[in-house]
>>> print(open('data-v7.cif').read())   # mmCIF, N, CA, C and O atoms
data_input
#
loop_
_atom_site.label_atom_id
_atom_site.label_comp_id
_atom_site.auth_asym_id
_atom_site.auth_seq_id
_atom_site.Cartn_x
_atom_site.Cartn_y
_atom_site.Cartn_z
N MET A 1 11.38 -0.04 18.90
CA MET A 1 10.11 -0.21 18.21
C MET A 1 10.24 0.41 16.82
O MET A 1 10.79 1.49 16.67
N GLY A 2 9.71 -0.27 15.79
CA GLY A 2 9.80 0.20 14.42
C GLY A 2 8.68 1.15 14.05
O GLY A 2 7.76 1.41 14.82
N ASP A 3 8.78 1.66 12.83
CA ASP A 3 7.76 2.57 12.32
C ASP A 3 6.43 1.85 12.10
O ASP A 3 6.40 0.66 11.80
N ARG A 4 5.36 2.62 12.22
CA ARG A 4 4.01 2.14 11.88
C ARG A 4 3.55 2.96 10.69
O ARG A 4 3.82 4.15 10.60
N TRP A 5 2.86 2.29 9.77
CA TRP A 5 2.42 2.91 8.54
C TRP A 5 0.91 2.95 8.42
O TRP A 5 0.22 2.05 8.90
N GLN A 6 0.43 3.96 7.70
CA GLN A 6 -0.94 4.04 7.21
C GLN A 6 -0.85 3.69 5.73
O GLN A 6 -0.12 4.34 4.98
N VAL A 7 -1.56 2.65 5.29
CA VAL A 7 -1.52 2.20 3.90
C VAL A 7 -2.88 2.45 3.28
O VAL A 7 -3.90 2.03 3.82
N GLU A 8 -2.88 3.15 2.14
CA GLU A 8 -4.14 3.45 1.44
C GLU A 8 -3.99 3.12 -0.04
O GLU A 8 -2.89 3.18 -0.59
N VAL A 9 -5.11 2.79 -0.65
CA VAL A 9 -5.16 2.56 -2.10
C VAL A 9 -6.19 3.50 -2.69
O VAL A 9 -7.33 3.53 -2.23
N ASP A 10 -5.77 4.28 -3.68
CA ASP A 10 -6.70 5.15 -4.39
C ASP A 10 -7.40 4.30 -5.44
O ASP A 10 -6.86 4.03 -6.51
N ARG A 11 -8.61 3.84 -5.12
CA ARG A 11 -9.31 2.94 -6.02
C ARG A 11 -9.82 3.63 -7.28
O ARG A 11 -10.17 2.98 -8.25
N SER A 12 -9.79 4.96 -7.32
CA SER A 12 -10.13 5.65 -8.56
C SER A 12 -8.98 5.58 -9.55
O SER A 12 -9.16 5.81 -10.74
N VAL A 13 -7.80 5.21 -9.05
CA VAL A 13 -6.60 5.08 -9.90
C VAL A 13 -6.26 3.61 -10.15
O VAL A 13 -5.75 3.26 -11.21
N CYS A 14 -6.57 2.74 -9.20
CA CYS A 14 -6.24 1.32 -9.28
C CYS A 14 -6.81 0.69 -10.55
O CYS A 14 -7.98 0.89 -10.88
N ILE A 15 -5.95 -0.05 -11.27
CA ILE A 15 -6.40 -0.73 -12.49
C ILE A 15 -6.55 -2.23 -12.29
O ILE A 15 -6.82 -2.96 -13.24
N GLY A 16 -6.34 -2.71 -11.07
CA GLY A 16 -6.55 -4.12 -10.77
C GLY A 16 -5.51 -5.04 -11.36
O GLY A 16 -5.82 -6.20 -11.67
N SER A 17 -4.28 -4.57 -11.50
CA SER A 17 -3.23 -5.41 -12.10
C SER A 17 -2.87 -6.60 -11.21
O SER A 17 -2.38 -7.61 -11.70
N GLY A 18 -3.07 -6.46 -9.91
CA GLY A 18 -2.74 -7.53 -8.98
C GLY A 18 -1.27 -7.57 -8.58
O GLY A 18 -0.86 -8.46 -7.84
N MET A 19 -0.48 -6.62 -9.05
CA MET A 19 0.94 -6.60 -8.70
C MET A 19 1.13 -6.47 -7.19
O MET A 19 2.04 -7.09 -6.63
N CYS A 20 0.27 -5.72 -6.53
CA CYS A 20 0.40 -5.55 -5.09
C CYS A 20 0.22 -6.89 -4.37
O CYS A 20 0.95 -7.21 -3.43
N VAL A 21 -0.74 -7.68 -4.82
CA VAL A 21 -0.99 -8.98 -4.21
C VAL A 21 0.17 -9.92 -4.50
O VAL A 21 0.56 -10.71 -3.63
N ASN A 22 0.76 -9.83 -5.68
CA ASN A 22 1.93 -10.65 -6.00
C ASN A 22 3.12 -10.31 -5.10
O ASN A 22 3.83 -11.20 -4.64
N HIS A 23 3.34 -9.02 -4.86
CA HIS A 23 4.46 -8.59 -4.02
C HIS A 23 4.20 -8.84 -2.54
O HIS A 23 5.13 -9.18 -1.81
N ALA A 24 2.97 -8.60 -2.11
CA ALA A 24 2.66 -8.67 -0.67
C ALA A 24 1.27 -9.28 -0.46
O ALA A 24 0.31 -8.58 -0.13
N PRO A 25 1.15 -10.60 -0.62
CA PRO A 25 -0.17 -11.23 -0.45
C PRO A 25 -0.74 -11.06 0.95
O PRO A 25 -1.96 -11.09 1.13
N ASP A 26 0.13 -10.88 1.95
CA ASP A 26 -0.35 -10.64 3.30
C ASP A 26 -0.73 -9.19 3.53
O ASP A 26 -1.33 -8.86 4.55
N GLY A 27 -0.38 -8.31 2.58
CA GLY A 27 -0.63 -6.89 2.74
C GLY A 27 -1.82 -6.36 1.95
O GLY A 27 -2.39 -5.34 2.31
N PHE A 28 -2.17 -7.06 0.85
CA PHE A 28 -3.23 -6.56 -0.03
C PHE A 28 -4.13 -7.70 -0.47
O PHE A 28 -3.73 -8.85 -0.52
N ARG A 29 -5.35 -7.31 -0.86
CA ARG A 29 -6.30 -8.25 -1.44
C ARG A 29 -7.04 -7.51 -2.56
O ARG A 29 -7.12 -6.29 -2.56
N LEU A 30 -7.57 -8.27 -3.50
CA LEU A 30 -8.41 -7.70 -4.54
C LEU A 30 -9.85 -8.08 -4.26
O LEU A 30 -10.14 -9.22 -3.89
N ASP A 31 -10.76 -7.13 -4.42
CA ASP A 31 -12.17 -7.44 -4.24
C ASP A 31 -12.74 -8.03 -5.54
O ASP A 31 -12.00 -8.25 -6.50
N THR A 32 -14.02 -8.28 -5.58
CA THR A 32 -14.63 -8.91 -6.75
C THR A 32 -14.55 -8.03 -8.00
O THR A 32 -14.63 -8.53 -9.11
N ALA A 33 -14.37 -6.72 -7.82
CA ALA A 33 -14.21 -5.80 -8.95
C ALA A 33 -12.73 -5.62 -9.30
O ALA A 33 -12.40 -4.77 -10.11
N ARG A 34 -11.86 -6.45 -8.71
CA ARG A 34 -10.41 -6.40 -8.91
C ARG A 34 -9.80 -5.07 -8.45
O ARG A 34 -8.83 -4.59 -9.01
N GLN A 35 -10.38 -4.49 -7.42
CA GLN A 35 -9.83 -3.29 -6.81
C GLN A 35 -9.04 -3.69 -5.58
O GLN A 35 -9.48 -4.53 -4.79
N SER A 36 -7.88 -3.08 -5.41
CA SER A 36 -6.99 -3.41 -4.31
C SER A 36 -7.46 -2.77 -3.00
O SER A 36 -7.98 -1.66 -3.00
N HIS A 37 -7.22 -3.49 -1.91
CA HIS A 37 -7.49 -3.01 -0.56
C HIS A 37 -6.35 -3.47 0.33
O HIS A 37 -5.92 -4.62 0.23
N PRO A 38 -5.86 -2.60 1.22
CA PRO A 38 -4.88 -3.08 2.20
C PRO A 38 -5.58 -4.01 3.18
O PRO A 38 -6.71 -3.76 3.58
N ARG A 39 -4.92 -5.11 3.52
CA ARG A 39 -5.51 -6.02 4.51
C ARG A 39 -5.57 -5.35 5.88
O ARG A 39 -6.51 -5.55 6.63
N GLU A 40 -4.55 -4.57 6.20
CA GLU A 40 -4.50 -3.84 7.47
C GLU A 40 -4.11 -2.40 7.13
O GLU A 40 -2.94 -2.14 6.82
N PRO A 41 -5.04 -1.44 7.18
CA PRO A 41 -4.71 -0.06 6.84
C PRO A 41 -3.62 0.54 7.74
O PRO A 41 -2.88 1.42 7.31
N GLU A 42 -3.52 0.07 8.97
CA GLU A 42 -2.45 0.48 9.87
C GLU A 42 -1.62 -0.75 10.18
O GLU A 42 -2.14 -1.75 10.67
N SER A 43 -0.32 -0.67 9.86
CA SER A 43 0.53 -1.84 10.05
C SER A 43 1.95 -1.43 10.38
O SER A 43 2.34 -0.27 10.21
N ASP A 44 2.72 -2.40 10.83
CA ASP A 44 4.15 -2.17 11.02
C ASP A 44 4.80 -1.99 9.65
O ASP A 44 4.32 -2.52 8.64
N ALA A 45 5.89 -1.23 9.63
CA ALA A 45 6.66 -1.06 8.39
C ALA A 45 7.00 -2.44 7.84
O ALA A 45 7.36 -3.35 8.60
N ASN A 46 6.87 -2.59 6.52
CA ASN A 46 7.02 -3.91 5.91
C ASN A 46 7.62 -3.74 4.51
O ASN A 46 7.04 -3.05 3.67
N GLU A 47 8.74 -4.38 4.27
CA GLU A 47 9.43 -4.25 2.97
C GLU A 47 8.58 -4.76 1.81
O GLU A 47 8.64 -4.22 0.71
N ARG A 48 7.79 -5.78 2.04
CA ARG A 48 6.95 -6.31 0.95
C ARG A 48 5.85 -5.32 0.57
O ARG A 48 5.53 -5.17 -0.61
N VAL A 49 5.28 -4.67 1.56
CA VAL A 49 4.25 -3.66 1.27
C VAL A 49 4.87 -2.49 0.52
O VAL A 49 4.30 -1.98 -0.45
N LEU A 50 6.07 -2.08 0.92
CA LEU A 50 6.77 -1.02 0.21
C LEU A 50 7.08 -1.44 -1.23
O LEU A 50 6.88 -0.67 -2.16
N ALA A 51 7.53 -2.68 -1.42
CA ALA A 51 7.80 -3.18 -2.77
C ALA A 51 6.52 -3.19 -3.61
O ALA A 51 6.56 -2.88 -4.81
N ALA A 52 5.39 -3.51 -2.99
CA ALA A 52 4.12 -3.49 -3.71
C ALA A 52 3.77 -2.08 -4.16
O ALA A 52 3.35 -1.86 -5.30
N ALA A 53 3.97 -1.11 -3.27
CA ALA A 53 3.69 0.28 -3.63
C ALA A 53 4.61 0.74 -4.76
O ALA A 53 4.16 1.36 -5.72
N GLU A 54 5.88 0.41 -4.65
CA GLU A 54 6.84 0.80 -5.68
C GLU A 54 6.57 0.11 -7.01
O GLU A 54 6.83 0.66 -8.07
N GLY A 55 6.00 -1.10 -6.96
CA GLY A 55 5.73 -1.87 -8.17
C GLY A 55 4.37 -1.62 -8.79
O GLY A 55 4.09 -2.13 -9.88
N CYS A 56 3.53 -0.81 -8.15
CA CYS A 56 2.21 -0.52 -8.70
C CYS A 56 2.37 0.27 -9.99
O CYS A 56 2.99 1.34 -9.98
N PRO A 57 1.83 -0.23 -11.10
CA PRO A 57 2.05 0.44 -12.38
C PRO A 57 1.40 1.82 -12.48
O PRO A 57 1.79 2.61 -13.34
N VAL A 58 0.45 2.13 -11.60
CA VAL A 58 -0.21 3.44 -11.65
C VAL A 58 -0.04 4.24 -10.35
O VAL A 58 -0.70 5.25 -10.15
N GLU A 59 0.86 3.78 -9.46
CA GLU A 59 1.12 4.43 -8.18
C GLU A 59 -0.16 4.73 -7.41
O GLU A 59 -0.37 5.85 -6.93
N ALA A 60 -1.01 3.73 -7.29
CA ALA A 60 -2.28 3.89 -6.57
C ALA A 60 -2.13 3.67 -5.06
O ALA A 60 -3.07 3.92 -4.32
N ILE A 61 -0.96 3.22 -4.62
CA ILE A 61 -0.75 2.90 -3.20
C ILE A 61 0.03 4.02 -2.54
O ILE A 61 1.10 4.42 -3.03
N MET A 62 -0.51 4.53 -1.45
CA MET A 62 0.16 5.57 -0.67
C MET A 62 0.48 5.02 0.71
O MET A 62 -0.39 4.38 1.34
N ILE A 63 1.68 5.28 1.17
CA ILE A 63 2.10 4.87 2.51
C ILE A 63 2.60 6.12 3.23
O ILE A 63 3.42 6.87 2.70
N THR A 64 2.08 6.34 4.44
CA THR A 64 2.54 7.44 5.27
C THR A 64 2.89 6.91 6.65
O THR A 64 2.37 5.87 7.07
N LEU A 65 3.76 7.63 7.34
CA LEU A 65 4.06 7.27 8.71
C LEU A 65 2.82 7.57 9.56
O LEU A 65 2.22 8.64 9.44
N LEU A 66 2.43 6.62 10.36
CA LEU A 66 1.26 6.78 11.20
C LEU A 66 1.47 7.91 12.20
O LEU A 66 0.57 8.69 12.47
N ASP A 67 2.67 8.02 12.71
CA ASP A 67 3.03 9.10 13.63
C ASP A 67 3.54 10.29 12.82
O ASP A 67 4.66 10.25 12.33
N GLY A 68 2.74 11.28 12.60
CA GLY A 68 3.20 12.48 11.93
C GLY A 68 2.75 12.64 10.48
O GLY A 68 2.74 13.73 9.96
N GLY A 69 2.42 11.55 9.80
CA GLY A 69 1.89 11.64 8.45
C GLY A 69 2.90 11.89 7.33
O GLY A 69 2.50 12.18 6.21
N GLU A 70 4.21 11.78 7.64
CA GLU A 70 5.19 11.98 6.58
C GLU A 70 5.09 10.88 5.54
O GLU A 70 4.88 9.71 5.87
N PRO A 71 5.21 11.23 4.26
CA PRO A 71 5.09 10.22 3.21
C PRO A 71 6.27 9.25 3.20
O PRO A 71 7.42 9.65 3.37
N VAL A 72 5.96 7.98 3.03
CA VAL A 72 6.96 6.94 2.81
C VAL A 72 7.01 6.66 1.30
O VAL A 72 8.07 6.61 0.70
N PHE A 73 5.82 6.50 0.70
CA PHE A 73 5.70 6.30 -0.74
C PHE A 73 4.35 6.81 -1.20
O PHE A 73 3.35 6.55 -0.55
N PRO A 74 4.29 7.53 -2.32
CA PRO A 74 5.44 8.01 -3.07
C PRO A 74 6.15 9.10 -2.28
O PRO A 74 5.51 9.84 -1.52
N PRO A 75 7.46 9.20 -2.46
CA PRO A 75 8.21 10.22 -1.72
C PRO A 75 7.85 11.62 -2.22
O PRO A 75 7.45 11.79 -3.37
N GLU A 76 7.96 12.57 -1.32
CA GLU A 76 7.74 13.97 -1.72
C GLU A 76 8.87 14.39 -2.66
O GLU A 76 10.02 13.99 -2.46
N GLU A 77 8.52 15.17 -3.64
CA GLU A 77 9.56 15.63 -4.58
C GLU A 77 10.10 16.97 -4.19
O GLU A 77 9.55 17.73 -3.53
#
>>> encode(input="data-v7.cif", output="structure tokens")
Amino acid sequence: MGDRWQVEVDRSVCIGSGMCVNHAPDGFRLDTARQSHPREPESDANERVLAAAEGCPVEAIMITLLDGGEPVFPPEE
């Protein structure tokens, strides 16, 4: 069984670029105010969702392991 993730978007940081939707249309959506939302806040690990987080120009997407809460992205420094 693979990892499960908690996916969150800090909408106070999100600028509505839509990059997350371009990288992972099944993982994110934009609301009418162009703010990003994860389609499924709890999901299986997914390379497209990770690519969306890495490609966010303002790092508004946070991914943590559902079991234990360790950060997946952004990584701890």
>>> resolve_selection(input="data-v7.cif", expression="the PyMOL selection byres ((chain A and resi 3-11) around 8)", output="PyMOL selection string")
chain A and resi 1-2+12-16+27+34-46+53+58-70+72-73
>>> closest_residue(input="data-v7.cif", among="A:Thr32, A:Glu76, A:Pro57, A:Pro71", to="Ser17 in chain A", atoms="only C-alpha atoms")
A:Pro57
>>> resolve_selection(input="data-v7.cif", expression="the PyMOL selection byres ((chain A and resi 20) around 7)", output="PyMOL selection string")
chain A and resi 17-19+21-29+48-49+51-53+55-56
>>> write_last_selection(input="data-v7.cif", atoms="N, CA, C and O atoms", output="PDB file, in the coordinates of the input")
ATOM      1  N   SER A  17      -4.280  -4.570 -11.500  1.00  0.00           N
ATOM      2  CA  SER A  17      -3.230  -5.410 -12.100  1.00  0.00           C
ATOM      3  C   SER A  17      -2.870  -6.600 -11.210  1.00  0.00           C
ATOM      4  O   SER A  17      -2.380  -7.610 -11.700  1.00  0.00           O
ATOM      5  N   GLY A  18      -3.070  -6.460  -9.910  1.00  0.00           N
ATOM      6  CA  GLY A  18      -2.740  -7.530  -8.980  1.00  0.00           C
ATOM      7  C   GLY A  18      -1.270  -7.570  -8.580  1.00  0.00           C
ATOM      8  O   GLY A  18      -0.860  -8.460  -7.840  1.00  0.00           O
ATOM      9  N   MET A  19      -0.480  -6.620  -9.050  1.00  0.00           N
ATOM     10  CA  MET A  19       0.940  -6.600  -8.700  1.00  0.00           C
ATOM     11  C   MET A  19       1.130  -6.470  -7.190  1.00  0.00           C
ATOM     12  O   MET A  19       2.040  -7.090  -6.630  1.00  0.00           O
ATOM     13  N   VAL A  21      -0.740  -7.680  -4.820  1.00  0.00           N
ATOM     14  CA  VAL A  21      -0.990  -8.980  -4.210  1.00  0.00           C
ATOM     15  C   VAL A  21       0.170  -9.920  -4.500  1.00  0.00           C
ATOM     16  O   VAL A  21       0.560 -10.710  -3.630  1.00  0.00           O
ATOM     17  N   ASN A  22       0.760  -9.830  -5.680  1.00  0.00           N
ATOM     18  CA  ASN A  22       1.930 -10.650  -6.000  1.00  0.00           C
ATOM     19  C   ASN A  22       3.120 -10.310  -5.100  1.00  0.00           C
ATOM     20  O   ASN A  22       3.830 -11.200  -4.640  1.00  0.00           O
ATOM     21  N   HIS A  23       3.340  -9.020  -4.860  1.00  0.00           N
ATOM     22  CA  HIS A  23       4.460  -8.590  -4.020  1.00  0.00           C
ATOM     23  C   HIS A  23       4.200  -8.840  -2.540  1.00  0.00           C
ATOM     24  O   HIS A  23       5.130  -9.180  -1.810  1.00  0.00           O
ATOM     25  N   ALA A  24       2.970  -8.600  -2.110  1.00  0.00           N
ATOM     26  CA  ALA A  24       2.660  -8.670  -0.670  1.00  0.00           C
ATOM     27  C   ALA A  24       1.270  -9.280  -0.460  1.00  0.00           C
ATOM     28  O   ALA A  24       0.310  -8.580  -0.130  1.00  0.00           O
ATOM     29  N   PRO A  25       1.150 -10.600  -0.620  1.00  0.00           N
ATOM     30  CA  PRO A  25      -0.170 -11.230  -0.450  1.00  0.00           C
ATOM     31  C   PRO A  25      -0.740 -11.060   0.950  1.00  0.00           C
ATOM     32  O   PRO A  25      -1.960 -11.090   1.130  1.00  0.00           O
ATOM     33  N   ASP A  26       0.130 -10.880   1.950  1.00  0.00           N
ATOM     34  CA  ASP A  26      -0.350 -10.640   3.300  1.00  0.00           C
ATOM     35  C   ASP A  26      -0.730  -9.190   3.530  1.00  0.00           C
ATOM     36  O   ASP A  26      -1.330  -8.860   4.550  1.00  0.00           O
ATOM     37  N   GLY A  27      -0.380  -8.310   2.580  1.00  0.00           N
ATOM     38  CA  GLY A  27      -0.630  -6.890   2.740  1.00  0.00           C
ATOM     39  C   GLY A  27      -1.820  -6.360   1.950  1.00  0.00           C
ATOM     40  O   GLY A  27      -2.390  -5.340   2.310  1.00  0.00           O
ATOM     41  N   PHE A  28      -2.170  -7.060   0.850  1.00  0.00           N
ATOM     42  CA  PHE A  28      -3.230  -6.560  -0.030  1.00  0.00           C
ATOM     43  C   PHE A  28      -4.130  -7.700  -0.470  1.00  0.00           C
ATOM     44  O   PHE A  28      -3.730  -8.850  -0.520  1.00  0.00           O
ATOM     45  N   ARG A  29      -5.350  -7.310  -0.860  1.00  0.00           N
ATOM     46  CA  ARG A  29      -6.300  -8.250  -1.440  1.00  0.00           C
ATOM     47  C   ARG A  29      -7.040  -7.510  -2.560  1.00  0.00           C
ATOM     48  O   ARG A  29      -7.120  -6.290  -2.560  1.00  0.00           O
ATOM     49  N   ARG A  48       7.790  -5.780   2.040  1.00  0.00           N
ATOM     50  CA  ARG A  48       6.950  -6.310   0.950  1.00  0.00           C
ATOM     51  C   ARG A  48       5.850  -5.320   0.570  1.00  0.00           C
ATOM     52  O   ARG A  48       5.530  -5.170  -0.610  1.00  0.00           O
ATOM     53  N   VAL A  49       5.280  -4.670   1.560  1.00  0.00           N
ATOM     54  CA  VAL A  49       4.250  -3.660   1.270  1.00  0.00           C
ATOM     55  C   VAL A  49       4.870  -2.490   0.520  1.00  0.00           C
ATOM     56  O   VAL A  49       4.300  -1.980  -0.450  1.00  0.00           O
ATOM     57  N   ALA A  51       7.530  -2.680  -1.420  1.00  0.00           N
ATOM     58  CA  ALA A  51       7.800  -3.180  -2.770  1.00  0.00           C
ATOM     59  C   ALA A  51       6.520  -3.190  -3.610  1.00  0.00           C
ATOM     60  O   ALA A  51       6.560  -2.880  -4.810  1.00  0.00           O
ATOM     61  N   ALA A  52       5.390  -3.510  -2.990  1.00  0.00           N
ATOM     62  CA  ALA A  52       4.120  -3.490  -3.710  1.00  0.00           C
ATOM     63  C   ALA A  52       3.770  -2.080  -4.160  1.00  0.00           C
ATOM     64  O   ALA A  52       3.350  -1.860  -5.300  1.00  0.00           O
ATOM     65  N   ALA A  53       3.970  -1.110  -3.270  1.00  0.00           N
ATOM     66  CA  ALA A  53       3.690   0.280  -3.630  1.00  0.00           C
ATOM     67  C   ALA A  53       4.610   0.740  -4.760  1.00  0.00           C
ATOM     68  O   ALA A  53       4.160   1.360  -5.720  1.00  0.00           O
ATOM     69  N   GLY A  55       6.000  -1.100  -6.960  1.00  0.00           N
ATOM     70  CA  GLY A  55       5.730  -1.870  -8.170  1.00  0.00           C
ATOM     71  C   GLY A  55       4.370  -1.620  -8.790  1.00  0.00           C
ATOM     72  O   GLY A  55       4.090  -2.130  -9.880  1.00  0.00           O
ATOM     73  N   CYS A  56       3.530  -0.810  -8.150  1.00  0.00           N
ATOM     74  CA  CYS A  56       2.210  -0.520  -8.700  1.00  0.00           C
ATOM     75  C   CYS A  56       2.370   0.270  -9.990  1.00  0.00           C
ATOM     76  O   CYS A  56       2.990   1.340  -9.980  1.00  0.00           O
TER      77      CYS A  56
END
>>> atom_distance(input="data-v7.cif", atom1="atom O of Leu30 in chain A", atom2="atom N of Pro75 in chain A")
25.5 Å
>>> build_atoms(input="data-v7.cif", residues="range 29-38 of chain A", atoms="all heavy atoms", output="short mmCIF file (atom, residue, chain, number, x, y, z; two decimals), in the coordinates of the input")
data_model
loop_
_atom_site.label_atom_id
_atom_site.label_comp_id
_atom_site.auth_asym_id
_atom_site.auth_seq_id
_atom_site.Cartn_x
_atom_site.Cartn_y
_atom_site.Cartn_z
N ARG A 29 -5.35 -7.31 -0.86
CA ARG A 29 -6.30 -8.25 -1.44
C ARG A 29 -7.04 -7.51 -2.56
O ARG A 29 -7.12 -6.29 -2.56
CB ARG A 29 -7.28 -8.78 -0.41
CG ARG A 29 -8.20 -7.71 0.14
CD ARG A 29 -9.22 -8.27 1.12
NE ARG A 29 -10.04 -7.20 1.66
CZ ARG A 29 -11.09 -6.66 1.04
NH1 ARG A 29 -11.46 -7.10 -0.15
NH2 ARG A 29 -11.78 -5.68 1.59
N LEU A 30 -7.57 -8.27 -3.50
CA LEU A 30 -8.41 -7.70 -4.54
C LEU A 30 -9.85 -8.08 -4.26
O LEU A 30 -10.14 -9.22 -3.89
CB LEU A 30 -8.01 -8.24 -5.92
CG LEU A 30 -6.62 -7.88 -6.43
CD1 LEU A 30 -6.41 -8.49 -7.82
CD2 LEU A 30 -6.40 -6.39 -6.47
N ASP A 31 -10.76 -7.13 -4.42
CA ASP A 31 -12.17 -7.44 -4.24
C ASP A 31 -12.74 -8.03 -5.54
O ASP A 31 -12.00 -8.25 -6.50
CB ASP A 31 -12.96 -6.22 -3.74
CG ASP A 31 -12.98 -5.06 -4.73
OD1 ASP A 31 -12.69 -5.27 -5.94
OD2 ASP A 31 -13.29 -3.94 -4.30
N THR A 32 -14.02 -8.28 -5.58
CA THR A 32 -14.63 -8.91 -6.75
C THR A 32 -14.55 -8.03 -8.00
O THR A 32 -14.63 -8.53 -9.11
CB THR A 32 -16.09 -9.30 -6.48
OG1 THR A 32 -16.81 -8.13 -6.08
CG2 THR A 32 -16.17 -10.36 -5.40
N ALA A 33 -14.37 -6.72 -7.82
CA ALA A 33 -14.21 -5.80 -8.95
C ALA A 33 -12.73 -5.62 -9.30
O ALA A 33 -12.40 -4.77 -10.11
CB ALA A 33 -14.84 -4.45 -8.62
N ARG A 34 -11.86 -6.45 -8.71
CA ARG A 34 -10.41 -6.40 -8.91
C ARG A 34 -9.80 -5.07 -8.45
O ARG A 34 -8.83 -4.59 -9.01
CB ARG A 34 -10.01 -6.71 -10.35
CG ARG A 34 -10.30 -8.14 -10.74
CD ARG A 34 -9.53 -8.64 -11.94
NE ARG A 34 -8.11 -8.42 -11.94
CZ ARG A 34 -7.19 -9.17 -11.34
NH1 ARG A 34 -7.55 -10.22 -10.65
NH2 ARG A 34 -5.90 -8.89 -11.44
N GLN A 35 -10.38 -4.49 -7.42
CA GLN A 35 -9.83 -3.29 -6.81
C GLN A 35 -9.04 -3.69 -5.58
O GLN A 35 -9.48 -4.53 -4.79
CB GLN A 35 -10.94 -2.31 -6.42
CG GLN A 35 -11.69 -1.75 -7.61
CD GLN A 35 -10.84 -0.78 -8.40
OE1 GLN A 35 -10.57 0.32 -7.96
NE2 GLN A 35 -10.38 -1.21 -9.57
N SER A 36 -7.88 -3.08 -5.41
CA SER A 36 -6.99 -3.41 -4.31
C SER A 36 -7.46 -2.77 -3.00
O SER A 36 -7.98 -1.66 -3.00
CB SER A 36 -5.58 -2.93 -4.64
OG SER A 36 -4.71 -3.21 -3.57
N HIS A 37 -7.22 -3.49 -1.91
CA HIS A 37 -7.49 -3.01 -0.56
C HIS A 37 -6.35 -3.47 0.33
O HIS A 37 -5.92 -4.62 0.23
CB HIS A 37 -8.79 -3.61 0.00
CG HIS A 37 -10.00 -3.26 -0.77
ND1 HIS A 37 -10.80 -2.20 -0.43
CD2 HIS A 37 -10.56 -3.82 -1.87
CE1 HIS A 37 -11.81 -2.12 -1.29
NE2 HIS A 37 -11.68 -3.09 -2.18
N PRO A 38 -5.86 -2.60 1.22
CA PRO A 38 -4.88 -3.08 2.20
C PRO A 38 -5.58 -4.01 3.18
O PRO A 38 -6.71 -3.76 3.58
CB PRO A 38 -4.38 -1.81 2.89
CG PRO A 38 -5.45 -0.80 2.67
CD PRO A 38 -6.15 -1.18 1.39
#
